[in-house]
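So this block is data.pdb, PDB, C-alpha atoms, pLDDT in the B column:
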ATOM      1  CA  MET A   1      -8.571  23.304  -5.546  1.00 50.00           C
ATOM      2  CA  SER A   2      -5.593  24.512  -3.551  1.00 55.00           C
ATOM      3  CA  LYS A   3      -2.157  24.175  -5.032  1.00 57.00           C
ATOM      4  CA  ILE A   4       1.134  23.396  -3.365  1.00 58.00           C
ATOM      5  CA  ASP A   5       4.306  24.273  -5.227  1.00 56.00           C
ATOM      6  CA  ILE A   6       6.996  21.644  -4.894  1.00 53.00           C
ATOM      7  CA  PRO A   7      10.351  23.162  -5.806  1.00 52.00           C
ATOM      8  CA  PRO A   8      13.151  20.860  -6.932  1.00 48.00           C
ATOM      9  CA  GLU A   9      15.475  20.715  -3.929  1.00 47.00           C
ATOM     10  CA  SER A  10      18.387  18.609  -5.095  1.00 42.00           C
ATOM     11  CA  LEU A  11      20.876  18.725  -7.930  1.00 39.00           C
ATOM     12  CA  TYR A  12      19.337  15.535  -9.336  1.00 44.00           C
ATOM     13  CA  ALA A  13      15.841  17.030  -9.188  1.00 47.00           C
ATOM     14  CA  ASN A  14      17.081  20.206 -10.871  1.00 45.00           C
ATOM     15  CA  PHE A  15      18.816  18.217 -13.614  1.00 45.00           C
ATOM     16  CA  TYR A  16      15.840  15.890 -14.111  1.00 50.00           C
ATOM     17  CA  SER A  17      13.319  18.721 -14.138  1.00 51.00           C
ATOM     18  CA  SER A  18      15.413  20.637 -16.653  1.00 51.00           C
ATOM     19  CA  ALA A  19      15.797  17.557 -18.810  1.00 52.00           C
ATOM     20  CA  ILE A  20      12.034  17.060 -19.049  1.00 55.00           C
ATOM     21  CA  GLY A  21      11.313  20.757 -19.401  1.00 57.00           C
ATOM     22  CA  GLY A  22      10.006  21.444 -15.907  1.00 59.00           C
ATOM     23  CA  GLY A  23      11.254  23.426 -12.965  1.00 59.00           C
ATOM     24  CA  GLY A  24       9.422  21.681 -10.169  1.00 72.00           C
ATOM     25  CA  MET A  25       5.914  20.393  -9.861  1.00 76.00           C
ATOM     26  CA  ASN A  26       2.608  22.059  -9.166  1.00 82.00           C
ATOM     27  CA  VAL A  27       0.171  19.748  -7.383  1.00 80.00           C
ATOM     28  CA  SER A  28      -3.508  20.360  -6.630  1.00 86.00           C
ATOM     29  CA  VAL A  29      -4.426  18.723  -3.333  1.00 88.00           C
ATOM     30  CA  GLY A  30      -7.595  20.423  -2.146  1.00 91.00           C
ATOM     31  CA  ARG A  31      -8.168  22.581   0.912  1.00 92.00           C
ATOM     32  CA  GLU A  32      -8.249  19.759   3.437  1.00 94.00           C
ATOM     33  CA  PHE A  33      -4.880  18.300   2.401  1.00 93.00           C
ATOM     34  CA  GLU A  34      -3.322  21.735   2.008  1.00 93.00           C
ATOM     35  CA  GLU A  35      -4.258  22.545   5.616  1.00 93.00           C
ATOM     36  CA  TYR A  36      -2.976  19.156   6.758  1.00 95.00           C
ATOM     37  CA  VAL A  37       0.363  19.626   4.979  1.00 94.00           C
ATOM     38  CA  ARG A  38       0.793  23.151   6.313  1.00 93.00           C
ATOM     39  CA  GLU A  39       0.063  21.910   9.866  1.00 95.00           C
ATOM     40  CA  LYS A  40       2.684  19.176   9.511  1.00 96.00           C
ATOM     41  CA  VAL A  41       5.291  21.755   8.509  1.00 95.00           C
ATOM     42  CA  LYS A  42       4.144  24.258  11.154  1.00 95.00           C
ATOM     43  CA  SER A  43       4.342  21.606  13.896  1.00 97.00           C
ATOM     44  CA  GLY A  44       7.952  20.863  13.009  1.00 96.00           C
ATOM     45  CA  ASP A  45       7.240  17.269  11.987  1.00 95.00           C
ATOM     46  CA  TYR A  46       8.561  18.179   8.533  1.00 96.00           C
ATOM     47  CA  ALA A  47      10.919  20.900   7.376  1.00 95.00           C
ATOM     48  CA  SER A  48       9.057  21.675   4.167  1.00 92.00           C
ATOM     49  CA  VAL A  49       5.963  20.991   2.098  1.00 92.00           C
ATOM     50  CA  SER A  50       8.122  18.979  -0.280  1.00 90.00           C
ATOM     51  CA  GLU A  51       9.250  16.752   2.568  1.00 94.00           C
ATOM     52  CA  VAL A  52       5.631  16.017   3.521  1.00 94.00           C
ATOM     53  CA  VAL A  53       4.724  15.144  -0.069  1.00 92.00           C
ATOM     54  CA  ARG A  54       7.818  12.947  -0.530  1.00 92.00           C
ATOM     55  CA  ASP A  55       7.018  11.065   2.678  1.00 96.00           C
ATOM     56  CA  GLY A  56       3.431  10.548   1.527  1.00 95.00           C
ATOM     57  CA  LEU A  57       4.614   9.241  -1.829  1.00 94.00           C
ATOM     58  CA  ARG A  58       7.134   6.944  -0.122  1.00 97.00           C
ATOM     59  CA  LEU A  59       4.373   5.512   2.082  1.00 97.00           C
ATOM     60  CA  MET A  60       2.135   5.028  -0.946  1.00 97.00           C
ATOM     61  CA  ARG A  61       4.929   3.135  -2.729  1.00 97.00           C
ATOM     62  CA  GLU A  62       5.536   0.960   0.353  1.00 98.00           C
ATOM     63  CA  LYS A  63       1.812   0.185   0.569  1.00 98.00           C
ATOM     64  CA  GLU A  64       1.739  -0.852  -3.088  1.00 98.00           C
ATOM     65  CA  GLN A  65       4.827  -3.032  -2.636  1.00 97.00           C
ATOM     66  CA  LEU A  66       3.342  -4.694   0.453  1.00 97.00           C
ATOM     67  CA  PHE A  67       0.112  -5.340  -1.423  1.00 98.00           C
ATOM     68  CA  GLU A  68       2.056  -6.964  -4.263  1.00 97.00           C
ATOM     69  CA  VAL A  69       3.956  -9.195  -1.791  1.00 97.00           C
ATOM     70  CA  ARG A  70       0.641 -10.268  -0.242  1.00 97.00           C
ATOM     71  CA  VAL A  71      -0.877 -10.994  -3.653  1.00 97.00           C
ATOM     72  CA  GLN A  72       2.141 -13.094  -4.653  1.00 97.00           C
ATOM     73  CA  SER A  73       1.969 -14.998  -1.354  1.00 97.00           C
ATOM     74  CA  LEU A  74      -1.738 -15.656  -1.857  1.00 97.00           C
ATOM     75  CA  ARG A  75      -1.109 -16.860  -5.411  1.00 97.00           C
ATOM     76  CA  GLY A  76       1.512 -19.248  -4.031  1.00 97.00           C
ATOM     77  CA  GLU A  77      -0.934 -20.636  -1.477  1.00 97.00           C
ATOM     78  CA  ILE A  78      -3.607 -21.035  -4.148  1.00 97.00           C
ATOM     79  CA  GLN A  79      -1.143 -22.888  -6.371  1.00 97.00           C
ATOM     80  CA  LYS A  80      -0.235 -25.167  -3.458  1.00 96.00           C
ATOM     81  CA  GLY A  81      -3.903 -26.052  -3.069  1.00 94.00           C
ATOM     82  CA  ILE A  82      -4.303 -26.670  -6.798  1.00 95.00           C
ATOM     83  CA  ASP A  83      -1.239 -28.926  -6.779  1.00 96.00           C
ATOM     84  CA  GLN A  84      -2.598 -30.883  -3.797  1.00 95.00           C
ATOM     85  CA  ILE A  85      -5.948 -31.368  -5.532  1.00 94.00           C
ATOM     86  CA  GLU A  86      -4.198 -32.577  -8.692  1.00 95.00           C
ATOM     87  CA  ARG A  87      -2.249 -35.125  -6.586  1.00 96.00           C
ATOM     88  CA  GLY A  88      -5.493 -36.309  -5.013  1.00 93.00           C
ATOM     89  CA  GLU A  89      -4.648 -34.846  -1.616  1.00 94.00           C
ATOM     90  CA  SER A  90      -8.010 -33.195  -1.041  1.00 92.00           C
ATOM     91  CA  ARG A  91     -11.105 -34.004   0.968  1.00 91.00           C
ATOM     92  CA  ASP A  92     -14.770 -33.403   0.397  1.00 91.00           C
ATOM     93  CA  GLY A  93     -15.777 -30.088   1.980  1.00 92.00           C
ATOM     94  CA  GLU A  94     -19.122 -31.367   3.248  1.00 95.00           C
ATOM     95  CA  ALA A  95     -17.448 -34.311   4.981  1.00 94.00           C
ATOM     96  CA  VAL A  96     -14.880 -32.043   6.649  1.00 95.00           C
ATOM     97  CA  MET A  97     -17.592 -29.667   7.873  1.00 96.00           C
ATOM     98  CA  ALA A  98     -19.618 -32.591   9.252  1.00 96.00           C
ATOM     99  CA  GLU A  99     -16.549 -33.827  11.180  1.00 96.00           C
ATOM    100  CA  LEU A 100     -15.919 -30.350  12.592  1.00 96.00           C
ATOM    101  CA  ARG A 101     -19.548 -29.988  13.676  1.00 95.00           C
ATOM    102  CA  ALA A 102     -19.416 -33.382  15.376  1.00 95.00           C
ATOM    103  CA  LYS A 103     -16.193 -32.435  17.238  1.00 94.00           C
ATOM    104  CA  LEU A 104     -17.670 -29.160  18.407  1.00 95.00           C
ATOM    105  CA  LEU A 105     -20.892 -30.802  19.569  1.00 93.00           C
ATOM    106  CA  SER A 106     -18.956 -33.479  21.463  1.00 93.00           C
ATOM    107  CA  ARG A 107     -16.993 -30.787  23.358  1.00 91.00           C
ATOM    108  CA  PHE A 108     -20.180 -29.138  24.591  1.00 88.00           C
ATOM    109  CA  SER A 109     -22.082 -32.354  25.396  1.00 78.00           C
TER     110      SER A 109
END
Is it possible to give me this structure as structure tokens?
Amino acid sequence: MSKIDIPPESLYANFYSSAIGGGGMNVSVGREFEEYVREKVKSGDYASVSEVVRDGLRLMREKEQLFEVRVQSLRGEIQKGIDQIERGESRDGEAVMAELRAKLLSRFS
């Protein structure tokens, strides 16, 4: 595996790394990602390897947060359905499908 050295670039990173006994981070990313990262820096899209890695980590965190928001929304919708069923506000699935089929057939007849 290829390795990319990520030096601590801020006072906070230096303090934090020192506090936990490190002086940066050594990450194995494989040849394909190493080439990709180097191309991003070479193209000028990013100023450093560290910047590329930080942006990737930020995107990963955003993706995880978005996933969690979607899961919570889905749980809310499921709970709404459960509450409606408990209040007797539901219909038989077979009957609903039969009505929909009849409506569709009447449109094309």
Can you build me a table of segment 53-89 of chain A residues sitting at most 12 Å from segment 40-48 of chain A, with the closest atom pair per residue and its distance in Å to one decimal, using all atoms listed in the file, sorted by chain and residue number, as CSV?
residue,atom,partner,partner_atom,distance
A:Val53,CA,A:Ser48,CA,8.9
A:Arg54,CA,A:Ser48,CA,10.0
A:Asp55,CA,A:Tyr46,CA,9.3
A:Gly56,CA,A:Tyr46,CA,11.6
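Take atom CA of Arg38 of chain A and atom CA of Val52 of chain A: the distance between them is 9.1 Å.
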(request) Work out how far atom CA of Met60 of chain A is from atom CA of Tyr36 of chain A, in Å to one decimal. (result) 16.9 Å
(message) I'd like the interatomic distance between atom CA of Val29 of chain A and atom CA of Val49 of chain A, to a tenth of an Å.
(response) 11.9 Å
